[in-house]
>>> print(open('my_file19.tsv').read())   # TSV, C-alpha atoms
chain	number	residue	atom	x	y	z
A	126	MET	CA	60.22	25.26	53.19
A	127	ALA	CA	62.05	28.15	54.78
A	128	VAL	CA	62.29	28.17	58.56
A	129	TYR	CA	62.84	31.38	60.51
A	130	THR	CA	63.53	32.22	64.13
A	131	VAL	CA	62.17	35.43	65.64
A	132	HIS	CA	64.38	37.46	67.95
A	133	GLU	CA	62.70	39.97	70.20
A	134	PRO	CA	64.87	42.94	71.18
A	135	PRO	CA	65.10	44.01	74.81
A	136	LEU	CA	62.83	46.79	76.00
A	137	ARG	CA	64.13	50.30	75.57
A	138	ALA	CA	65.12	52.24	78.66
A	139	GLY	CA	62.03	53.50	80.44
A	140	ALA	CA	59.59	51.45	78.36
A	141	THR	CA	57.01	49.49	80.30
A	142	SER	CA	55.01	47.93	77.48
A	143	ALA	CA	55.89	45.24	74.99
A	144	PRO	CA	58.49	46.12	72.32
A	145	GLU	CA	57.38	47.32	68.92
A	146	PRO	CA	56.92	44.49	66.39
A	147	GLU	CA	58.85	46.54	63.81
A	148	ARG	CA	62.02	45.95	65.83
A	149	PHE	CA	61.73	42.15	65.79
A	150	ILE	CA	64.41	40.38	63.76
A	151	PHE	CA	63.55	37.39	61.58
A	152	VAL	CA	66.54	35.13	60.95
A	153	ARG	CA	66.42	32.37	58.37
A	154	ASP	CA	67.81	29.06	59.58
A	155	GLY	CA	69.86	27.26	57.03
A	156	PHE	CA	73.05	25.53	56.03
A	157	SER	CA	76.03	27.19	54.37
A	158	PHE	CA	77.81	24.76	52.06
A	159	TRP	CA	80.72	27.15	51.47
A	160	ALA	CA	81.23	27.64	55.20
A	161	LEU	CA	81.44	23.85	55.49
A	162	LEU	CA	84.14	23.58	52.83
A	163	LEU	CA	86.09	26.81	53.31
A	164	GLY	CA	85.28	27.93	56.84
A	165	PRO	CA	88.02	30.48	57.63
A	166	LEU	CA	88.00	31.93	54.10
A	167	TRP	CA	84.21	32.22	54.24
A	168	MET	CA	84.47	34.09	57.54
A	169	LEU	CA	87.04	36.50	56.14
A	170	ARG	CA	84.96	37.04	53.01
A	171	HIS	CA	82.00	38.07	55.19
A	172	ARG	CA	84.19	40.26	57.43
A	173	MET	CA	83.75	38.10	60.50
A	174	TRP	CA	87.27	38.85	61.73
A	175	LEU	CA	86.78	38.07	65.40
A	176	VAL	CA	84.94	34.84	64.63
A	177	ALA	CA	87.76	33.78	62.28
A	178	LEU	CA	90.37	34.58	64.92
A	179	CYS	CA	88.51	32.57	67.57
A	180	TYR	CA	88.03	29.71	65.09
A	181	LEU	CA	91.75	29.59	64.30
A	182	ALA	CA	92.59	29.61	68.00
A	183	LEU	CA	90.13	26.75	68.56
A	184	VAL	CA	91.65	24.80	65.67
A	185	ALA	CA	95.17	25.30	67.06
A	186	VAL	CA	94.21	24.11	70.54
A	187	LEU	CA	92.14	21.24	69.20
A	188	SER	CA	94.91	20.04	66.90
A	189	LEU	CA	97.37	20.08	69.79
A	190	VAL	CA	95.00	18.12	72.03
A	191	LEU	CA	94.27	15.61	69.27
A	192	ARG	CA	97.94	15.15	68.51
A	193	LEU	CA	98.81	14.52	72.16
A	194	HIS	CA	95.82	12.51	73.40
A	195	ALA	CA	93.94	10.90	70.51
A	196	SER	CA	94.50	8.16	67.98
A	197	ALA	CA	94.88	8.90	64.29
A	198	ALA	CA	91.32	7.74	63.51
A	199	VAL	CA	89.72	10.34	65.79
A	200	GLY	CA	91.13	13.40	63.98
A	201	PRO	CA	89.11	13.18	60.74
A	202	ILE	CA	85.92	12.56	62.73
A	203	VAL	CA	86.50	15.64	64.89
A	204	TRP	CA	87.34	17.87	61.91
A	205	THR	CA	84.28	16.65	60.00
A	206	LEU	CA	82.01	17.36	62.96
A	207	LEU	CA	83.57	20.80	63.42
A	208	ALA	CA	83.01	21.61	59.73
A	209	LEU	CA	79.39	20.45	59.95
A	210	LEU	CA	78.82	22.58	63.05
A	211	LEU	CA	80.32	25.54	61.25
A	212	GLY	CA	78.11	24.97	58.21
A	213	PHE	CA	74.94	24.79	60.25
A	214	GLU	CA	75.66	27.63	62.67
A	215	ILE	CA	77.40	30.16	60.47
A	216	GLY	CA	74.44	30.38	58.08
A	217	THR	CA	72.33	31.72	60.92
A	218	ALA	CA	75.05	34.03	62.24
A	219	SER	CA	75.72	35.63	58.88
A	220	SER	CA	72.05	36.39	58.30
A	221	ILE	CA	71.97	38.27	61.61
A	222	LEU	CA	75.15	40.23	60.95
A	223	LEU	CA	74.76	40.93	57.26
A	224	PRO	CA	71.87	42.67	55.53
>>> encode(input="my_file19.tsv", output="structure tokens")
Amino acid sequence: MAVYTVHEPPLRAGATSAPEPERFIFVRDGFSFWALLLGPLWMLRHRMWLVALCYLALVAVLSLVLRLHASAAVGPIVWTLLALLLGFEIGTASSILLP
């Protein structure tokens, strides 16, 4: 069963009534398997340049912190959780940004 979220746009300048239903955005919630496996390449494929840049900066900082302050067993757990988060969240983000 498909699950959608409904995003209501802000009121236009000078409007006092409720926004027009035609302007509502329906976004399908889902999971992106390819974003889970190939996160940065998936972002570049979908022209999410700023997201990819922020992701690479996060990975650089996180790898430095893990190398300095964590045991070797924590690294794979953190990377797996980050990939899962990316798979769940990027499916929603791409359906908002892309037609």
>>> closest_residue(input="my_file19.tsv", among="A:His132, A:Leu166, A:Val152, A:Glu147", to="Tyr180 of chain A", atoms="all atoms listed in the file")
A:Leu166
>>> residues_around(input="my_file19.tsv", residues="Glu214 of chain A", least_positions_apart="5", cutoff="9 Å", atoms="all atoms listed in the file", output="ChimeraX atom specification")
/A:154-157,209,219
>>> atom_distance(input="my_file19.tsv", atom1="atom CA of Ala160 of chain A", atom2="atom CA of Leu183 of chain A")
16.1 Å
>>> atom_distance(input="my_file19.tsv", atom1="atom CA of Leu161 of chain A", atom2="atom CA of Leu207 of chain A")
8.8 Å
>>> closest_residue(input="my_file19.tsv", among="A:Pro144, A:Gly200, A:Pro134, A:Gly212", to="Met168 of chain A", atoms="all atoms listed in the file")
A:Gly212
>>> residues_near_point(input="my_file19.tsv", point="(81.3, 31.2, 62.3)", cutoff="10 Å", atoms="all atoms listed in the file", output="list in words")
Ala160, Gly164, Pro165, Trp167, Met168, Leu169, His171, Met173, Trp174, Leu175, Val176, Ala177, Cys179, Tyr180, Leu210, Leu211, Gly212, Phe213, Glu214, Ile215, Gly216, Thr217, Ala218 and Ser219 of chain A
>>> atom_distance(input="my_file19.tsv", atom1="atom CA of Leu178 of chain A", atom2="atom CA of Arg192 of chain A")
21.2 Å
>>> closest_residue(input="my_file19.tsv", among="A:Leu162, A:Val184, A:Val131, A:Arg137", to="Phe149 of chain A", atoms="all atoms listed in the file")
A:Val131
>>> axis_aligned_box(input="my_file19.tsv", around="segment 192-210 of chain A", padding_each_side="6 Å", output="AutoDock Vina command-line options")
--center_x 88.8 --center_y 15.2 --center_z 66.6 --size_x 32.0 --size_y 26.8 --size_z 25.7
>>> residues_around(input="my_file19.tsv", residues="Leu191 of chain A", least_positions_apart="5", cutoff="9 Å", atoms="all atoms listed in the file", output="list of chain:residue names")
A:Val186, A:Ser196, A:Ala197, A:Val199, A:Gly200, A:Val203
>>> decode(input="my_file19.tsv", residues="segment 187-215 of chain A", atoms="N, CA and C atoms", output="CSV table (one decimal), in the first residue's frame")
chain,number,residue,atom,x,y,z
A,187,LEU,N,32.7,12.5,10.2
A,187,LEU,CA,32.3,11.3,11.0
A,187,LEU,C,33.4,10.2,11.0
A,188,SER,N,34.1,10.1,9.8
A,188,SER,CA,35.2,9.1,9.8
A,188,SER,C,36.4,9.6,10.7
A,189,LEU,N,36.6,10.9,10.7
A,189,LEU,CA,37.7,11.4,11.6
A,189,LEU,C,37.3,11.1,13.1
A,190,VAL,N,36.1,11.4,13.5
A,190,VAL,CA,35.6,11.2,14.8
A,190,VAL,C,35.7,9.7,15.2
A,191,LEU,N,35.2,8.9,14.3
A,191,LEU,CA,35.3,7.5,14.6
A,191,LEU,C,36.7,6.9,14.7
A,192,ARG,N,37.6,7.4,13.9
A,192,ARG,CA,38.9,7.0,13.9
A,192,ARG,C,39.6,7.4,15.2
A,193,LEU,N,39.3,8.6,15.7
A,193,LEU,CA,39.9,9.1,16.9
A,193,LEU,C,39.3,8.6,18.2
A,194,HIS,N,38.0,8.4,18.3
A,194,HIS,CA,37.3,8.2,19.5
A,194,HIS,C,36.5,6.9,19.6
A,195,ALA,N,36.5,6.0,18.6
A,195,ALA,CA,35.6,4.9,18.7
A,195,ALA,C,36.5,3.6,18.4
A,196,SER,N,35.9,2.5,18.9
A,196,SER,CA,36.6,1.2,18.6
A,196,SER,C,36.3,0.8,17.2
A,197,ALA,N,37.0,-0.3,16.8
A,197,ALA,CA,36.8,-0.7,15.4
A,197,ALA,C,35.4,-1.3,15.1
A,198,ALA,N,34.8,-1.8,16.2
A,198,ALA,CA,33.4,-2.5,16.0
A,198,ALA,C,32.3,-1.4,15.8
A,199,VAL,N,32.5,-0.2,16.2
A,199,VAL,CA,31.5,0.8,16.1
A,199,VAL,C,31.4,1.3,14.7
A,200,GLY,N,32.4,1.4,13.9
A,200,GLY,CA,32.4,1.9,12.5
A,200,GLY,C,31.4,1.3,11.6
A,201,PRO,N,31.4,0.0,11.4
A,201,PRO,CA,30.4,-0.6,10.5
A,201,PRO,C,29.0,-0.4,11.0
A,202,ILE,N,28.7,-0.3,12.3
A,202,ILE,CA,27.4,-0.1,12.8
A,202,ILE,C,27.0,1.4,12.4
A,203,VAL,N,27.8,2.3,12.5
A,203,VAL,CA,27.5,3.7,12.2
A,203,VAL,C,27.3,3.9,10.7
A,204,TRP,N,28.1,3.2,9.9
A,204,TRP,CA,28.0,3.4,8.4
A,204,TRP,C,26.7,2.7,7.9
A,205,THR,N,26.4,1.6,8.6
A,205,THR,CA,25.1,0.9,8.2
A,205,THR,C,23.9,1.7,8.5
A,206,LEU,N,23.9,2.3,9.7
A,206,LEU,CA,22.8,3.2,10.1
A,206,LEU,C,22.7,4.4,9.2
A,207,LEU,N,23.8,5.0,8.9
A,207,LEU,CA,23.8,6.1,8.0
A,207,LEU,C,23.3,5.8,6.6
A,208,ALA,N,23.7,4.6,6.1
A,208,ALA,CA,23.1,4.2,4.8
A,208,ALA,C,21.6,3.9,4.9
A,209,LEU,N,21.2,3.3,6.0
A,209,LEU,CA,19.7,3.1,6.1
A,209,LEU,C,19.0,4.4,6.2
A,210,LEU,N,19.5,5.4,6.9
A,210,LEU,CA,18.9,6.7,7.0
A,210,LEU,C,18.8,7.3,5.6
A,211,LEU,N,19.9,7.2,4.9
A,211,LEU,CA,19.9,7.8,3.5
A,211,LEU,C,18.9,7.1,2.7
A,212,GLY,N,18.8,5.8,2.7
A,212,GLY,CA,17.8,5.0,1.9
A,212,GLY,C,16.4,5.4,2.2
A,213,PHE,N,16.1,5.6,3.5
A,213,PHE,CA,14.7,6.0,3.9
A,213,PHE,C,14.4,7.4,3.6
A,214,GLU,N,15.3,8.3,3.8
A,214,GLU,CA,15.0,9.8,3.7
A,214,GLU,C,15.2,10.3,2.3
A,215,ILE,N,16.1,9.7,1.5
A,215,ILE,CA,16.3,10.3,0.2
A,215,ILE,C,15.2,9.9,-0.8
